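Visitor: One file: data_6.pdb (PDB, C-alpha atoms).
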```pdb
ATOM      1  CA  MET A   1       0.000   0.000   0.000
ATOM      2  CA  LYS A   2       2.852   2.357   0.888
ATOM      3  CA  LYS A   3       4.610   1.559  -2.411
ATOM      4  CA  PHE A   4       1.402   2.237  -4.337
ATOM      5  CA  ARG A   5       0.960   5.590  -2.606
ATOM      6  CA  LEU A   6       4.593   6.473  -3.324
ATOM      7  CA  VAL A   7       4.168   5.692  -7.042
ATOM      8  CA  GLU A   8       0.931   7.670  -7.078
ATOM      9  CA  LEU A   9       2.650  10.642  -5.421
ATOM     10  CA  ILE A  10       5.535  10.508  -7.906
ATOM     11  CA  GLY A  11       3.031  10.486 -10.783
ATOM     12  CA  ILE A  12       1.257  13.552  -9.435
ATOM     13  CA  ILE A  13       4.565  15.364  -8.965
ATOM     14  CA  MET A  14       5.587  14.528 -12.550
ATOM     15  CA  ILE A  15       2.319  15.902 -13.913
ATOM     16  CA  LEU A  16       2.579  19.074 -11.864
ATOM     17  CA  SER A  17       6.215  19.548 -12.830
ATOM     18  CA  CYS A  18       5.378  19.591 -16.564
ATOM     19  CA  PRO A  19       5.576  23.063 -18.037
ATOM     20  CA  VAL A  20       2.092  24.566 -17.838
ATOM     21  CA  LYS A  21       2.327  26.491 -21.073
ATOM     22  CA  ALA A  22      -0.670  26.809 -23.328
ATOM     23  CA  GLN A  23      -0.330  26.124 -27.034
ATOM     24  CA  PHE A  24      -1.542  29.290 -28.726
ATOM     25  CA  LYS A  25      -2.849  29.438 -32.286
ATOM     26  CA  TYR A  26      -4.665  32.117 -34.225
ATOM     27  CA  GLY A  27      -6.072  32.463 -37.698
ATOM     28  CA  PHE A  28      -9.114  32.900 -39.879
ATOM     29  CA  THR A  29     -12.422  31.062 -39.738
ATOM     30  CA  ALA A  30     -15.509  30.845 -41.944
ATOM     31  CA  GLY A  31     -18.699  28.843 -41.858
ATOM     32  CA  MET A  32     -22.252  28.300 -43.028
ATOM     33  CA  ASP A  33     -25.325  27.520 -40.975
ATOM     34  CA  ILE A  34     -28.965  26.612 -41.331
ATOM     35  CA  THR A  35     -31.019  28.475 -38.738
ATOM     36  CA  ASN A  36     -34.639  29.002 -37.958
ATOM     37  CA  VAL A  37     -36.510  31.217 -35.498
ATOM     38  CA  HIS A  38     -38.995  29.761 -33.033
ATOM     39  CA  PHE A  39     -41.678  32.162 -31.818
ATOM     40  CA  ASN A  40     -43.742  31.727 -28.661
ATOM     41  CA  LYS A  41     -46.963  32.201 -30.630
ATOM     42  CA  ASP A  42     -48.116  29.798 -33.334
ATOM     43  CA  TYR A  43     -49.571  32.303 -35.802
ATOM     44  CA  PHE A  44     -46.105  32.851 -37.276
ATOM     45  CA  ALA A  45     -44.320  29.795 -38.736
ATOM     46  CA  PRO A  46     -40.980  30.740 -40.334
ATOM     47  CA  SER A  47     -38.711  28.454 -42.341
ATOM     48  CA  ALA A  48     -34.956  27.953 -42.028
ATOM     49  CA  ILE A  49     -32.475  29.745 -44.275
ATOM     50  CA  VAL A  50     -28.754  29.403 -44.967
ATOM     51  CA  GLY A  51     -26.524  32.051 -43.406
ATOM     52  CA  TYR A  52     -22.787  32.533 -43.138
ATOM     53  CA  ASN A  53     -20.098  33.871 -40.846
ATOM     54  CA  VAL A  54     -16.470  34.891 -41.311
ATOM     55  CA  GLY A  55     -13.859  36.318 -38.977
ATOM     56  CA  VAL A  56     -10.792  35.734 -36.822
ATOM     57  CA  THR A  57     -10.224  33.125 -34.133
ATOM     58  CA  SER A  58      -7.675  32.120 -31.508
ATOM     59  CA  GLU A  59      -7.160  28.897 -29.569
ATOM     60  CA  TYR A  60      -5.416  28.160 -26.271
ATOM     61  CA  ILE A  61      -4.832  24.498 -25.359
ATOM     62  CA  PHE A  62      -2.926  23.156 -22.339
ATOM     63  CA  PRO A  63      -1.102  20.096 -23.698
ATOM     64  CA  VAL A  64      -1.039  17.920 -20.553
ATOM     65  CA  LEU A  65      -4.796  17.328 -20.443
ATOM     66  CA  GLY A  66      -5.750  18.643 -23.882
ATOM     67  CA  ILE A  67      -8.163  21.174 -22.429
ATOM     68  CA  GLY A  68      -8.435  24.867 -23.184
ATOM     69  CA  PHE A  69     -10.677  27.329 -24.957
ATOM     70  CA  ASP A  70     -11.117  29.332 -28.136
ATOM     71  CA  ILE A  71     -12.561  32.768 -28.808
ATOM     72  CA  SER A  72     -13.643  34.287 -32.120
ATOM     73  CA  VAL A  73     -14.959  37.560 -33.504
ATOM     74  CA  LEU A  74     -17.267  36.968 -36.463
ATOM     75  CA  PHE A  75     -19.274  38.916 -38.993
ATOM     76  CA  ALA A  76     -22.500  36.913 -39.269
ATOM     77  CA  ASP A  77     -25.516  36.935 -41.592
ATOM     78  CA  LYS A  78     -28.679  35.573 -39.940
ATOM     79  CA  GLY A  79     -32.407  35.493 -40.460
ATOM     80  CA  PHE A  80     -35.387  33.395 -41.462
ATOM     81  CA  GLU A  81     -37.954  32.993 -44.210
ATOM     82  CA  GLN A  82     -41.699  33.505 -43.929
ATOM     83  CA  LYS A  83     -43.790  32.371 -46.912
ATOM     84  CA  SER A  84     -41.139  33.103 -49.588
ATOM     85  CA  THR A  85     -40.051  36.403 -47.989
ATOM     86  CA  THR A  86     -36.572  36.397 -46.430
ATOM     87  CA  TYR A  87     -35.692  38.550 -43.431
ATOM     88  CA  ARG A  88     -31.946  38.999 -42.867
ATOM     89  CA  LYS A  89     -29.708  41.117 -40.651
ATOM     90  CA  ASN A  90     -25.966  41.323 -40.003
ATOM     91  CA  TYR A  91     -24.394  40.817 -36.587
ATOM     92  CA  ILE A  92     -21.081  40.718 -34.761
ATOM     93  CA  ASP A  93     -20.844  37.361 -32.968
ATOM     94  CA  ILE A  94     -18.376  36.635 -30.156
ATOM     95  CA  PRO A  95     -18.367  32.928 -29.212
ATOM     96  CA  VAL A  96     -16.198  31.606 -26.365
ATOM     97  CA  ASN A  97     -15.896  27.824 -26.270
ATOM     98  CA  PHE A  98     -14.340  25.542 -23.699
ATOM     99  CA  LYS A  99     -12.548  22.813 -25.647
ATOM    100  CA  TRP A 100     -11.224  19.314 -25.046
ATOM    101  CA  LYS A 101      -8.834  17.797 -27.582
ATOM    102  CA  PHE A 102      -8.000  14.094 -27.859
ATOM    103  CA  ASN A 103      -6.179  11.711 -30.171
ATOM    104  CA  LEU A 104      -7.937  10.160 -33.156
ATOM    105  CA  PRO A 105      -6.610   7.904 -35.915
ATOM    106  CA  LEU A 106      -5.885   9.375 -39.362
ATOM    107  CA  VAL A 107      -6.097  12.994 -38.162
ATOM    108  CA  GLN A 108      -4.094  15.255 -35.874
ATOM    109  CA  LYS A 109      -6.710  15.612 -33.117
ATOM    110  CA  GLY A 110     -10.417  15.427 -32.418
ATOM    111  CA  TYR A 111     -12.233  17.886 -30.198
ATOM    112  CA  LEU A 112     -15.451  18.589 -28.320
ATOM    113  CA  SER A 113     -16.472  22.120 -27.432
ATOM    114  CA  ALA A 114     -19.225  24.050 -25.683
ATOM    115  CA  GLY A 115     -19.685  27.602 -24.549
ATOM    116  CA  PRO A 116     -21.674  30.821 -24.691
ATOM    117  CA  TYR A 117     -21.856  33.380 -27.465
ATOM    118  CA  TYR A 118     -22.888  37.011 -27.605
ATOM    119  CA  SER A 119     -24.403  38.582 -30.714
ATOM    120  CA  LYS A 120     -24.866  42.287 -31.430
ATOM    121  CA  ILE A 121     -26.701  43.765 -34.384
ATOM    122  CA  ILE A 122     -24.756  45.916 -36.871
ATOM    123  CA  GLY A 123     -26.306  49.293 -37.499
ATOM    124  CA  LYS A 124     -29.714  50.440 -36.379
ATOM    125  CA  GLU A 125     -32.521  48.072 -35.530
ATOM    126  CA  LYS A 126     -34.820  47.565 -38.481
ATOM    127  CA  THR A 127     -38.550  46.897 -38.406
ATOM    128  CA  TRP A 128     -40.133  44.859 -41.189
ATOM    129  CA  SER A 129     -43.809  45.085 -42.015
ATOM    130  CA  VAL A 130     -45.500  41.721 -42.465
ATOM    131  CA  LYS A 131     -48.066  41.399 -45.222
ATOM    132  CA  PRO A 132     -51.416  39.829 -44.265
ATOM    133  CA  SER A 133     -50.697  36.948 -46.637
ATOM    134  CA  GLN A 134     -47.553  36.062 -44.627
ATOM    135  CA  ALA A 135     -49.186  35.592 -41.229
ATOM    136  CA  SER A 136     -52.509  34.712 -39.684
ATOM    137  CA  THR A 137     -52.982  38.240 -38.404
ATOM    138  CA  ASN A 138     -53.014  41.774 -39.805
ATOM    139  CA  ASN A 139     -50.832  44.796 -39.021
ATOM    140  CA  ALA A 140     -47.852  42.734 -37.861
ATOM    141  CA  SER A 141     -44.235  43.901 -37.755
ATOM    142  CA  ILE A 142     -40.934  42.144 -36.991
ATOM    143  CA  SER A 143     -37.956  43.734 -35.247
ATOM    144  CA  PRO A 144     -34.564  42.041 -34.699
ATOM    145  CA  LEU A 145     -33.408  42.931 -31.190
ATOM    146  CA  GLU A 146     -30.137  44.785 -30.638
ATOM    147  CA  ASP A 147     -28.295  41.966 -28.879
ATOM    148  CA  HIS A 148     -28.859  38.436 -27.688
ATOM    149  CA  ALA A 149     -26.957  35.447 -26.318
ATOM    150  CA  GLY A 150     -26.971  31.677 -26.483
ATOM    151  CA  ILE A 151     -24.836  28.563 -26.366
ATOM    152  CA  HIS A 152     -22.796  26.579 -28.907
ATOM    153  CA  ILE A 153     -22.129  22.831 -28.703
ATOM    154  CA  GLY A 154     -19.701  21.417 -31.245
ATOM    155  CA  ALA A 155     -17.302  18.715 -32.369
ATOM    156  CA  GLY A 156     -14.620  18.477 -35.017
ATOM    157  CA  VAL A 157     -11.142  17.447 -36.039
ATOM    158  CA  ASP A 158      -7.755  18.966 -36.754
ATOM    159  CA  ILE A 159      -7.125  17.453 -40.182
ATOM    160  CA  PHE A 160      -3.698  19.068 -40.278
ATOM    161  CA  LYS A 161      -1.914  21.233 -37.731
ATOM    162  CA  TRP A 162      -3.171  24.271 -39.615
ATOM    163  CA  LEU A 163      -6.664  23.128 -40.717
ATOM    164  CA  GLN A 164      -9.564  22.575 -38.339
ATOM    165  CA  VAL A 165     -13.111  21.670 -39.389
ATOM    166  CA  GLY A 166     -16.163  21.184 -37.229
ATOM    167  CA  ILE A 167     -19.909  21.097 -36.819
ATOM    168  CA  ASN A 168     -21.937  22.849 -34.144
ATOM    169  CA  TYR A 169     -25.448  23.347 -32.814
ATOM    170  CA  SER A 170     -26.476  26.790 -31.571
ATOM    171  CA  HIS A 171     -29.394  27.572 -29.288
ATOM    172  CA  GLU A 172     -30.403  31.105 -28.406
ATOM    173  CA  PHE A 173     -31.466  31.618 -24.792
ATOM    174  CA  SER A 174     -32.388  35.285 -24.984
ATOM    175  CA  ASP A 175     -34.902  36.731 -27.441
ATOM    176  CA  GLY A 176     -33.553  37.732 -30.843
ATOM    177  CA  TYR A 177     -36.734  38.932 -32.551
ATOM    178  CA  LYS A 178     -39.902  40.737 -31.543
ATOM    179  CA  VAL A 179     -43.187  40.532 -33.436
ATOM    180  CA  THR A 180     -45.886  43.112 -32.734
ATOM    181  CA  TYR A 181     -49.462  42.582 -33.908
ATOM    182  CA  THR A 182     -52.812  44.109 -32.911
ATOM    183  CA  GLY A 183     -51.417  45.413 -29.643
ATOM    184  CA  LYS A 184     -49.784  42.106 -28.687
ATOM    185  CA  THR A 185     -46.129  41.044 -28.675
ATOM    186  CA  SER A 186     -44.414  37.746 -29.482
ATOM    187  CA  TYR A 187     -40.718  36.913 -29.178
ATOM    188  CA  GLY A 188     -38.517  34.542 -31.159
ATOM    189  CA  GLN A 189     -35.230  32.704 -30.616
ATOM    190  CA  SER A 190     -32.819  31.292 -33.215
ATOM    191  CA  ARG A 191     -31.693  27.670 -33.336
ATOM    192  CA  GLY A 192     -29.671  25.867 -35.939
ATOM    193  CA  TRP A 193     -26.767  23.732 -37.171
ATOM    194  CA  GLY A 194     -23.566  24.963 -38.735
ATOM    195  CA  ILE A 195     -20.270  23.871 -40.226
ATOM    196  CA  LYS A 196     -17.002  25.773 -40.116
ATOM    197  CA  ALA A 197     -13.366  25.621 -41.194
ATOM    198  CA  SER A 198     -10.449  27.442 -39.577
ATOM    199  CA  TYR A 199      -6.961  28.121 -40.924
ATOM    200  CA  LEU A 200      -4.622  28.392 -37.918
ATOM    201  CA  PHE A 201      -1.037  29.623 -37.648
TER
END
```
The structure in this file should be written as C-alpha cells.
Guide:
Amino acid sequence: MKKFRLVELIGIIMILSCPVKAQFKYGFTAGMDITNVHFNKDYFAPSAIVGYNVGVTSEYIFPVLGIGFDISVLFADKGFEQKSTTYRKNYIDIPVNFKWKFNLPLVQKGYLSAGPYYSKIIGKEKTWSVKPSQASTNNASISPLEDHAGIHIGAGVDIFKWLQVGINYSHEFSDGYKVTYTGKTSYGQSRGWGIKASYLF
C-alpha cells in the first residue's frame, strides 16, 4: 500500500512539474449555418435559411490534459424565411468555447467544445412590415433585437496542424426577434446547425 501511494505521489509530482504552457494558435475562420426562429406564438411559422459567418479566431490548449478554450470575432448573416419572404440582418458574434482535444486515428486531433456566445446587431434596428398573406394576423411587424446570447455545442477534427473543421449546434437563450401585432407582442429565438473551417497559424 505504501509503495502504491509512493508511485501515485511521484506520478502527481511529474504531472505538476510539466511546463504549464498553453499552445496558442490564431487564424481565420468561416462557416455556413442553417437556422430558424422559433416564436412563442403559433400564428407565425418561419422556415430555415442558410446564413454565413467569417472572422478571426484564436485557440489556447494546455497540452497535458488537452483542455483549453477558443474565442472568435465573427461577422455573421442571420435570419429566417416567412412564406417566400426572407428577413436577414448582419451581426457581430463573439463565441467563447471551452474545448477538449484528444487523439484520433488518421487525423491530428479530435475535439469537443461548448460555450456561450454574444451577438450584437450591426447598425440600427430595423422593423419589417409583415403582409397579411404572410401571417394569420393583420398589421404585424418584426424587429430584430439589438443583442442576444446563447450557447454553442460542437465537435470536429484537426485534419492538419493548420486546418480545423467542425460542426456545431447553436441555441439562443435570450430573445432575438420581436413581433408586434394588434397590440400584442411575441418573441422569437434562433436555433440551428452549422459547419465551419479554420486556418490556424
Visitor: Can you pull out every residue within 7 Å of Pro95 of chain A, counting all atoms listed in the file, but drop anything in the same chain fewer than 2 positions away, and send it as a list in words?
Guide: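 Non-adjacent residues within range: Ile71, Ser72, Asp93, Asn97, Pro116, Tyr117 and Tyr118 of chain A.
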Visitor: In Å, rounded to a single decimal, give me how far atom CA of Ala197 of chain A is from atom CA of Trp100 of chain A.
Guide: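 If I compute the distance from atom CA of Trp100 of chain A to atom CA of Ala197 of chain A, I get 17.5 Å.
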Visitor: If I put a ball of radius 9 Å at (-19.3, 29.8, -39.9) in the file's coordinates, which residues poke into it when counting all atoms listed in the file, written as a PyMOL selection string?
Guide: chain A and resi 29-33+51-55+74+76+194-197
Visitor: Quick one: apply the PyMOL selection byres ((chain A and resi 147) around 12) to the file and drop the selected residues here as a PyMOL selection string.
Guide: chain A and resi 89-94+117-125+143-146+148-150+172-178+189
Visitor: Of the candidates A:Val179, A:Leu65, A:Leu200, A:Ala114, which shows the shortest atom-to-atom distance to Ala140 of chain A, using only C-alpha atoms?
Guide: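 Ranking A:Val179, A:Leu65, A:Leu200, A:Ala114 by distance to Ala140 of chain A, first place goes to A:Val179.
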Visitor: Since I can't run it myself right now, could you work out what the PyMOL selection byres ((chain A and resi 88) around 7) selects here and report it as a PDB file with C-alpha atoms, in the coordinates of the input?
Guide:
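expr-v7.pdb, written as the output of this step:
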```pdb
ATOM      1  CA  ASP A  77     -25.516  36.935 -41.592  1.00  0.00           C
ATOM      2  CA  LYS A  78     -28.679  35.573 -39.940  1.00  0.00           C
ATOM      3  CA  GLY A  79     -32.407  35.493 -40.460  1.00  0.00           C
ATOM      4  CA  PHE A  80     -35.387  33.395 -41.462  1.00  0.00           C
ATOM      5  CA  THR A  86     -36.572  36.397 -46.430  1.00  0.00           C
ATOM      6  CA  TYR A  87     -35.692  38.550 -43.431  1.00  0.00           C
ATOM      7  CA  LYS A  89     -29.708  41.117 -40.651  1.00  0.00           C
TER       8      LYS A  89
END
```
Visitor: May I have the residues within 7 Å of Ala22 of chain A as a ChimeraX atom specification, using only C-alpha atoms and disregarding those fewer than 2 positions away in the same chain?
Guide: /A:20,24,60-63
Visitor: Write the residues of the selection above to a file with C-alpha atoms, as an mmCIF file, in the coordinates of the input.
Guide:
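So the final result, stored in out_22.cif, reads:
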```cif
data_model
loop_
_atom_site.group_PDB
_atom_site.id
_atom_site.type_symbol
_atom_site.label_atom_id
_atom_site.label_comp_id
_atom_site.auth_asym_id
_atom_site.auth_seq_id
_atom_site.Cartn_x
_atom_site.Cartn_y
_atom_site.Cartn_z
ATOM 1 C CA VAL A 20 2.092 24.566 -17.838
ATOM 2 C CA PHE A 24 -1.542 29.290 -28.726
ATOM 3 C CA TYR A 60 -5.416 28.160 -26.271
ATOM 4 C CA ILE A 61 -4.832 24.498 -25.359
ATOM 5 C CA PHE A 62 -2.926 23.156 -22.339
ATOM 6 C CA PRO A 63 -1.102 20.096 -23.698
#
```
Visitor: So, counting all atoms listed in the file, which residue among A:Ile142, A:Gly110, A:Gly154, A:Gly166 is closest to Phe98 of chain A?
Guide: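 Selected residue with least distance to Phe98 of chain A: A:Gly154.
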Visitor: From the options A:Gln164, A:Ser190, A:Thr182, A:Ser141, which residue's atoms come nearest to Ile49 of chain A, counting only C-alpha atoms?
Guide: A:Ser190
Visitor: Check the smallest atom-to-atom distance from each of A:Ile159, A:Thr127, A:Thr57, A:Ser198 to Leu106 of chain A using all atoms listed in the file, then report the winner.
Guide: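 Checking each candidate against Leu106 of chain A, we get A:Ile159 as the closest.
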Visitor: Could you write out as JSON the box around segment 26-30 of chain A (axis-aligned, all atoms listed in the file, 5 Å on each side), with centre and edge lengths in Å to one decimal?
Guide:
```
{"center_x": -10.1, "center_y": 31.9, "center_z": -38.1, "size_x": 20.8, "size_y": 12.1, "size_z": 17.7}
```
Visitor: One decimal, Å: what's the distance from atom CA of Tyr169 of chain A over to atom CA of Trp193 of chain A, could you say?
Guide: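 Going from atom CA of Tyr169 of chain A over to atom CA of Trp193 of chain A, I get 4.6 Å.
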Visitor: Step by step: start from the point (-5.6, 17.6, -34.6) in the file's coordinates, keep every protein, DNA or RNA residue that has an atom no farther than 9 Å from it, count only C-alpha atoms, and write the set as a VMD selection string.
Guide: chain A and resid 101 to 104 107 to 111 157 to 164
Visitor: Written as a list of chain:residue names, what is the full residue list that the PyMOL selection byres ((chain A and resi 170) around 6) yields on the file shown?
Guide: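 Evaluating the PyMOL selection byres ((chain A and resi 170) around 6) on this file yields A:Ile151, A:His152, A:Tyr169, A:His171, A:Arg191, A:Gly192.
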Visitor: Missing atoms in segment 68-79 of chain A should be modelled up to all heavy atoms and reported as a PDB file, keeping the file's coordinate frame.
Guide:
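The result, stored in rebuild-v9.pdb:
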```
ATOM      1  N   GLY A  68      -8.716  23.457 -22.962  1.00  0.00           N
ATOM      2  CA  GLY A  68      -8.435  24.867 -23.184  1.00  0.00           C
ATOM      3  C   GLY A  68      -9.696  25.570 -23.649  1.00  0.00           C
ATOM      4  O   GLY A  68     -10.814  25.175 -23.303  1.00  0.00           O
ATOM      5  N   PHE A  69      -9.527  26.582 -24.465  1.00  0.00           N
ATOM      6  CA  PHE A  69     -10.677  27.329 -24.957  1.00  0.00           C
ATOM      7  C   PHE A  69     -10.314  28.043 -26.243  1.00  0.00           C
ATOM      8  O   PHE A  69      -9.135  28.191 -26.598  1.00  0.00           O
ATOM      9  CB  PHE A  69     -11.169  28.333 -23.902  1.00  0.00           C
ATOM     10  CG  PHE A  69     -10.201  29.444 -23.607  1.00  0.00           C
ATOM     11  CD1 PHE A  69     -10.272  30.661 -24.273  1.00  0.00           C
ATOM     12  CD2 PHE A  69      -9.203  29.271 -22.657  1.00  0.00           C
ATOM     13  CE1 PHE A  69      -9.373  31.683 -24.000  1.00  0.00           C
ATOM     14  CE2 PHE A  69      -8.303  30.286 -22.373  1.00  0.00           C
ATOM     15  CZ  PHE A  69      -8.394  31.495 -23.047  1.00  0.00           C
ATOM     16  N   ASP A  70     -11.330  28.481 -26.973  1.00  0.00           N
ATOM     17  CA  ASP A  70     -11.117  29.332 -28.136  1.00  0.00           C
ATOM     18  C   ASP A  70     -12.091  30.500 -28.074  1.00  0.00           C
ATOM     19  O   ASP A  70     -13.145  30.428 -27.429  1.00  0.00           O
ATOM     20  CB  ASP A  70     -11.241  28.559 -29.458  1.00  0.00           C
ATOM     21  CG  ASP A  70     -12.639  28.006 -29.707  1.00  0.00           C
ATOM     22  OD1 ASP A  70     -13.629  28.691 -29.383  1.00  0.00           O
ATOM     23  OD2 ASP A  70     -12.756  26.889 -30.237  1.00  0.00           O
ATOM     24  N   ILE A  71     -11.727  31.573 -28.738  1.00  0.00           N
ATOM     25  CA  ILE A  71     -12.561  32.768 -28.808  1.00  0.00           C
ATOM     26  C   ILE A  71     -12.477  33.326 -30.218  1.00  0.00           C
ATOM     27  O   ILE A  71     -11.395  33.306 -30.833  1.00  0.00           O
ATOM     28  CB  ILE A  71     -12.145  33.817 -27.759  1.00  0.00           C
ATOM     29  CG1 ILE A  71     -13.067  35.044 -27.826  1.00  0.00           C
ATOM     30  CG2 ILE A  71     -10.684  34.200 -27.909  1.00  0.00           C
ATOM     31  CD1 ILE A  71     -12.862  36.005 -26.676  1.00  0.00           C
ATOM     32  N   SER A  72     -13.597  33.778 -30.750  1.00  0.00           N
ATOM     33  CA  SER A  72     -13.643  34.287 -32.120  1.00  0.00           C
ATOM     34  C   SER A  72     -14.437  35.591 -32.162  1.00  0.00           C
ATOM     35  O   SER A  72     -15.273  35.858 -31.294  1.00  0.00           O
ATOM     36  CB  SER A  72     -14.302  33.272 -33.064  1.00  0.00           C
ATOM     37  OG  SER A  72     -13.666  32.013 -33.010  1.00  0.00           O
ATOM     38  N   VAL A  73     -14.161  36.374 -33.191  1.00  0.00           N
ATOM     39  CA  VAL A  73     -14.959  37.560 -33.504  1.00  0.00           C
ATOM     40  C   VAL A  73     -15.407  37.404 -34.947  1.00  0.00           C
ATOM     41  O   VAL A  73     -14.574  37.346 -35.862  1.00  0.00           O
ATOM     42  CB  VAL A  73     -14.156  38.862 -33.311  1.00  0.00           C
ATOM     43  CG1 VAL A  73     -15.007  40.069 -33.682  1.00  0.00           C
ATOM     44  CG2 VAL A  73     -13.669  38.978 -31.871  1.00  0.00           C
ATOM     45  N   LEU A  74     -16.732  37.334 -35.159  1.00  0.00           N
ATOM     46  CA  LEU A  74     -17.267  36.968 -36.463  1.00  0.00           C
ATOM     47  C   LEU A  74     -18.246  38.010 -36.984  1.00  0.00           C
ATOM     48  O   LEU A  74     -19.020  38.599 -36.217  1.00  0.00           O
ATOM     49  CB  LEU A  74     -17.996  35.625 -36.369  1.00  0.00           C
ATOM     50  CG  LEU A  74     -17.245  34.449 -35.751  1.00  0.00           C
ATOM     51  CD1 LEU A  74     -18.186  33.273 -35.560  1.00  0.00           C
ATOM     52  CD2 LEU A  74     -16.058  34.058 -36.606  1.00  0.00           C
ATOM     53  N   PHE A  75     -18.206  38.208 -38.285  1.00  0.00           N
ATOM     54  CA  PHE A  75     -19.274  38.916 -38.993  1.00  0.00           C
ATOM     55  C   PHE A  75     -20.264  37.847 -39.439  1.00  0.00           C
ATOM     56  O   PHE A  75     -19.900  36.908 -40.149  1.00  0.00           O
ATOM     57  CB  PHE A  75     -18.713  39.665 -40.193  1.00  0.00           C
ATOM     58  CG  PHE A  75     -19.780  40.271 -41.077  1.00  0.00           C
ATOM     59  CD1 PHE A  75     -20.279  41.528 -40.811  1.00  0.00           C
ATOM     60  CD2 PHE A  75     -20.275  39.567 -42.168  1.00  0.00           C
ATOM     61  CE1 PHE A  75     -21.268  42.096 -41.616  1.00  0.00           C
ATOM     62  CE2 PHE A  75     -21.254  40.114 -42.984  1.00  0.00           C
ATOM     63  CZ  PHE A  75     -21.751  41.384 -42.698  1.00  0.00           C
ATOM     64  N   ALA A  76     -21.524  37.964 -39.018  1.00  0.00           N
ATOM     65  CA  ALA A  76     -22.500  36.913 -39.269  1.00  0.00           C
ATOM     66  C   ALA A  76     -23.739  37.447 -39.964  1.00  0.00           C
ATOM     67  O   ALA A  76     -24.202  38.553 -39.673  1.00  0.00           O
ATOM     68  CB  ALA A  76     -22.894  36.243 -37.955  1.00  0.00           C
ATOM     69  N   ASP A  77     -24.263  36.654 -40.880  1.00  0.00           N
ATOM     70  CA  ASP A  77     -25.516  36.935 -41.592  1.00  0.00           C
ATOM     71  C   ASP A  77     -26.556  35.938 -41.098  1.00  0.00           C
ATOM     72  O   ASP A  77     -26.363  34.722 -41.221  1.00  0.00           O
ATOM     73  CB  ASP A  77     -25.290  36.797 -43.095  1.00  0.00           C
ATOM     74  CG  ASP A  77     -26.594  36.868 -43.875  1.00  0.00           C
ATOM     75  OD1 ASP A  77     -27.062  37.984 -44.112  1.00  0.00           O
ATOM     76  OD2 ASP A  77     -27.124  35.797 -44.234  1.00  0.00           O
ATOM     77  N   LYS A  78     -27.663  36.445 -40.521  1.00  0.00           N
ATOM     78  CA  LYS A  78     -28.679  35.573 -39.940  1.00  0.00           C
ATOM     79  C   LYS A  78     -30.073  36.021 -40.370  1.00  0.00           C
ATOM     80  O   LYS A  78     -30.262  37.143 -40.824  1.00  0.00           O
ATOM     81  CB  LYS A  78     -28.612  35.616 -38.404  1.00  0.00           C
ATOM     82  CG  LYS A  78     -27.282  35.256 -37.800  1.00  0.00           C
ATOM     83  CD  LYS A  78     -27.351  35.381 -36.291  1.00  0.00           C
ATOM     84  CE  LYS A  78     -26.031  35.158 -35.639  1.00  0.00           C
ATOM     85  NZ  LYS A  78     -26.109  35.286 -34.156  1.00  0.00           N
ATOM     86  N   GLY A  79     -31.036  35.123 -40.153  1.00  0.00           N
ATOM     87  CA  GLY A  79     -32.407  35.493 -40.460  1.00  0.00           C
ATOM     88  C   GLY A  79     -33.314  34.290 -40.554  1.00  0.00           C
ATOM     89  O   GLY A  79     -33.025  33.211 -40.029  1.00  0.00           O
TER      90      GLY A  79
END
```
